[in-house]
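*Asks:* Take this structure, written in structure tokens, and hold onto it; I'll ask about it next.
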Amino acid sequence: MSATKSIHPDEKYKADKMGGRLFKVGLAAGAALLIISVILGATKGDHWRRFLYAYVVGWSFVFSIALGSLFFIISHHLTRAKWGIVLRRLAEFMAGTLPFLFVLGLVFVLPVLFGNKHLYFWTHDGLHDPKHPLWHHMHHKFGWLDPAFFAGRYVLYMAVYIGLARYFAKKSAEMDTAPDAAAAAAIADRLRVVAGPATVAFGFVTLFSITDLFMTLSPTWYSTIYSVNYFAGAMLATYCTLALLARVIQQNGKLVHSVTVEHYHDIGKYMFGWTFFWIYTAFSQFMLQWYGNIPEETIFYSYRMFSDWQYVSLALLVGQWAFPYLCLLSRWTKRILPLLMFFAAWQLVFHWVDLYWNVMPNAQWTMETTAHGVFNMGPLAGDPAKHTIGFHFLDITVWLALVGLFLAAVGKAMKGNLIPVKDPKLGECLAFENY
Amino acid sequence: MTTPANDDETPGAADAPPPDRPGHADGPDGGRGDDGDDGRGTGNGNGHGSDEELHGLLAEFETPGALIAAARKVRNAGHTEFDCYSPFPVHGIDPAMGIKATRLPIVVFLGGLTGLVLGTLMQWWMNAYDWPWNVAGKPTWSIPANVPISYETTILLSVLTTFFGMWAANKLPQVWHPFFRLDRFARVTDDGFFLGVEAGDKRFDLEQTRQLLVAAGATHIEECYVDARPEARTMPRWIMAAMAVLTMVALIPVALVFKARATKSPDPHWHVFSDMDYQPKLKSDQPFADFADGRANRGELPGTVARGQLKADDAYYRGIAGGQWLTGLPAQVEVSEATLARGKQRYDIYCAPCHGFDGAGMGIVPARVEALGGAWPARNLVERGSAVITMPNGQLYNTISNGYNTMMGYASQMPVADRWAVVLYVRALQRSQNAAESELPAGSQVR
């Protein structure tokens, strides 16, 4: 039985000035925090390394939400999902930030291109010396890990993402102005057909982009599931952000009738599901490497298990998996909105901790003396016990600055209708109920 | 529908119309006329005599929506002993009937937890307690290695609890229901939506309940009778007996397995597939009495050479020319950068562990022996004026192929071409380790 409903007569579903307000608030907060971070980064006196690393963490956070939103859109068209149609516009706004994120990403990609050697260890000149102890680990990778090639790939990846995001958003907007129901249905059909190849393209590009941007921070380490784990975290963060964004919009008096507890319940189910998928991939990576016990794999964990990072590792296990997983098991956690919002915010914070834990241990590079001289061994080298977190206030400010700028970009994209008013399945989505 | 499966033609109904039967209680005909239901029929195979008692009323509805509305109405009238029947799950029927949210998730959670604990305990008992076994030096008891199994047992018990918990909650399996006596009820598996009120309900009153169902929009209402005799309500004895016998027979293989586990026997084990276990064939090194030499292996026939096994070229295959060790190189060996690179690669794999990457005889194996307090250097291949430097290429090749003293031959690991490549590389090592300063290319000498 597919019950349908029409949009409630009192519903306010036009973005109006809300986008502009979000833009102003986000931009002001983001810019202020960014200036503070730049000052902190400049006074640190470490060739901007801490700033760049913190920036990569923050950028990977907002990038993951944009990426997850893009996949949310594509997968909804692909599966003809109805429950999330009232949320699709919000995802389109978030995926619409990708061009802006491309520009923000240049902050760490351009320095690599122009010779900064303090972020990615594979840019280190000493590695090209055959006497370097890591040379035999690295020499066959130099063809791929080349600054110009790297920057070129960054542009290519982002071009694919931006192209997909723009196409789906543009066609979706066209639906709103379709002359009749048949024309809107034709657009929906078209998007469904495109969603197939788009899923393949998305998966393929994501496999490479995440490996390139984040995994090459530890260039001697191997893992084939790293991108999948990042993707799992990205999807989790996306559903959390969707819940919070929809709630904020409702508290501004819009979409109050369209987005119901049933939709939040489904978001909650996905939060639960992706929480488990995240730990599933994270544990798969850990267990295979722990069991295989091969040095080029275990380095990743030895510096996260036998240093101060072990506390972050354990916090992550409890905070991003055990606690939310057990609480989200219940139907009621997902239907009591203040509780759901708490977990959405909680998991977003721990998503940042996850990315921080993935990226930051690479920030400490170690010098080592061998028979052939003194060499910079890069990240994940030396005595694990001497590895420190090296937390800096800057780590937080850069993250929040990028969140502010991301929200500003969401506000900029927030135009027109907040729901696809002429989507052929909108009625079924409005009447959606969990039985 | 040209030949509707009309219940009215049922012979039993026509033959024995019950005397006290209140006739066909047709509700308002909601457009079912095309179904052949013209109201002339009276029976549905439900003829009931003095031994029968009323089970309840069965009402049919046109659509799922009508069923939901009727359920709400019946419930609001205070009925509790009623149920709805439909060909597929009807969304929204639970709240309409006043069915509370199921407690099954809590049971499933506990089932999952049990699976987690049992799975973990099972691994501890098997691996760490009952039969500790060293696998690749891993600890016999470690949480990360146990997670996949515990995860699977958690899921297994959750799933089983869900499945059988659902059965228990719904009183399944139920092989028979009184409504099965009504032919019309068969349509519940196709396109019929039914609501049945049982006579045991506190508010049940034949006429009032019928009125209620009519008002709720039923298109057809029927009474349902069941046999009141106690013996008609129990399972026939022969079925019980057959089930008991089958259960006993099914236990025989299990009992045999347990007997075999618990007793000792001098007999060989049973061969279930003996033609697979004993195949009429001989493997190469097995004895065979029918041949004079008692061996299954026939060897090569005199005067024959297997294809590709001739190897007549002494210089190439054995390093011998005219009865002497070859001093030059066989014609097949091309002195080139590529051959040398291949030789280096093979040398680093097979020779360097003992002879060292530089050929000086201190590879990782002798180094390890020395670290442990012993001394076992391999031959120094590059020592100035030593026998290895002066020995002919053919003899060097022969040593690689067949070994020397404690060194084993490498013919099985390295094809002929690779062995010659290694000879070349060893010569290059010797040359480079003993080079005079004047031999260095101009401009590269240390001043």
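Here's how to read the names in the structure tokens: chain A, B, ... by the order shown, residue numbers from 1 in each chain, ligand numbers from 1 in the order shown.
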Which residues of chain B sit at most 7 Å from chain A, using only C-alpha atoms? Give each one's shortest atom pair and distance in Å (one decimal place), in chain and ascending residue order, as JSON lines.
*Replies:*
{"residue": "B:His91", "atom": "CA", "partner": "A:Tyr435", "partner_atom": "CA", "distance": 6.4}
{"residue": "B:Gly92", "atom": "CA", "partner": "A:Tyr435", "partner_atom": "CA", "distance": 6.9}
{"residue": "B:Pro144", "atom": "CA", "partner": "A:Met287", "partner_atom": "CA", "distance": 6.3}
*Asks:* Just write the chosen residues, N, CA and C atoms, as a compact mmCIF listing (two decimals), in the first residue's frame.
*Replies:*
# COMPACT_ATOMS: atom_id res chain seq x y z
N HIS B 91 0.12 -2.63 6.06
CA HIS B 91 0.70 -1.58 6.90
C HIS B 91 -0.39 -0.88 7.69
N GLY B 92 -0.16 -0.70 8.97
CA GLY B 92 -1.10 0.06 9.79
C GLY B 92 -2.14 -0.80 10.46
N PRO B 144 41.38 -10.04 19.61
CA PRO B 144 41.20 -9.70 18.18
C PRO B 144 40.93 -10.92 17.31
*Asks:* List the neighbours of range 83-95 of chain A out to 6 Å using only C-alpha atoms; skip same-chain residues closer than 3 positions along the sequence, and give me the result as a list in words.
*Replies:*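 So, after excluding close chain neighbours, the residues are Ala66, Ser69, Leu70, Leu98, Ala165, Ala169, Val410, Ala413, Met414, Leu418, Ile419 and Cys429 of chain A.
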*Asks:* Could you list, as a ChimeraX atom specification, every residue within 8 Å of Arg427 in chain B, counting only C-alpha atoms and ignoring same-chain residues fewer than 4 positions away?
*Replies:* /B:389,423,431
*Asks:* In Å, how far is it from CA of Leu104 in chain A to CA of Trp278 in chain A?
*Replies:*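 CA of Trp278 in chain A lies at a distance of 26.3 Å from CA of Leu104 in chain A.
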*Asks:* Let me make sure I understand: among A:Phe23, A:Ile210, A:Ala186, A:Gln289, which one has the smallest atom-to-atom distance to Leu407 in chain A if we use only C-alpha atoms?
*Replies:*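 Selected residue with least distance to Leu407 in chain A: A:Phe23.
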*Asks:* Among range 21-253 of chain B, which residues carry a DSSP assignment of alpha helix (DSSP H), reported as a ChimeraX atom specification?
*Replies:* /B:64-76,93-97,104-123,143-169,206-215,237-253
*Asks:* Quick one: everything within 10 Å of Leu67 in chain B, counting only C-alpha atoms, minus sequence neighbours fewer than 3 positions away in the same chain. Send it as a list in words.
*Replies:*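 My reading of the contact set: Ala59, Glu60, Phe61, Glu62, Thr63, Pro64, Ala70, Ala71, Arg72, Lys73, Cys84, Tyr85, Ser86, Val90, Ile93, Ala96, Phe193, Phe194, Leu195, Ala216, Gly217 and Ala218 of chain B.
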*Asks:* Give me the residues near His177 in chain B as a list of chain:residue names, where near means some atom within 12 Å (using only C-alpha atoms) and where sequence neighbours in that chain fewer than 2 positions away do not count.
*Replies:*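 After dropping sequence-adjacent residues, the list is B:His55, B:Gly56, B:Tyr85, B:Lys171, B:Leu172, B:Pro173, B:Gln174, B:Val175, B:Phe179, B:Phe180, B:Arg181, B:Leu182, B:Phe185, B:Ala186, B:Gly196, B:Glu198, B:Cys224, B:Tyr225, B:Val226, B:Arg233.
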*Asks:* With C-alpha atoms retained, could you export that selection as a short mmCIF file (atom, residue, chain, number, x, y, z; two decimals), in the first residue's frame?
*Replies:*
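out-v4.cif, written as the output of this step:
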data_model
loop_
_atom_site.label_atom_id
_atom_site.label_comp_id
_atom_site.auth_asym_id
_atom_site.auth_seq_id
_atom_site.Cartn_x
_atom_site.Cartn_y
_atom_site.Cartn_z
CA HIS B 55 -16.05 -21.02 16.63
CA GLY B 56 -16.72 -17.50 15.46
CA TYR B 85 -6.17 -12.27 7.73
CA LYS B 171 1.87 -19.57 18.19
CA LEU B 172 3.39 -21.18 15.11
CA PRO B 173 3.53 -23.72 13.62
CA GLN B 174 -0.22 -23.96 13.39
CA VAL B 175 -1.18 -26.60 10.85
CA PHE B 179 -11.57 -21.00 9.47
CA PHE B 180 -10.00 -23.49 7.05
CA ARG B 181 -13.41 -25.15 7.03
CA LEU B 182 -14.80 -22.19 5.12
CA PHE B 185 -11.29 -18.38 3.41
CA ALA B 186 -8.90 -19.97 0.87
CA GLY B 196 -12.56 -13.20 12.26
CA GLU B 198 -14.03 -15.71 17.93
CA CYS B 224 -17.74 -21.01 11.45
CA TYR B 225 -18.37 -24.23 13.33
CA VAL B 226 -15.91 -26.73 14.74
CA ARG B 233 -9.62 -32.39 18.40
#
*Asks:* Which residues come within 6 Å of range 347-352 of chain B, counting only C-alpha atoms, excluding same-chain residues fewer than 4 positions away, as a VMD selection string?
*Replies:* chain B and resid 343 356 to 357 363 422
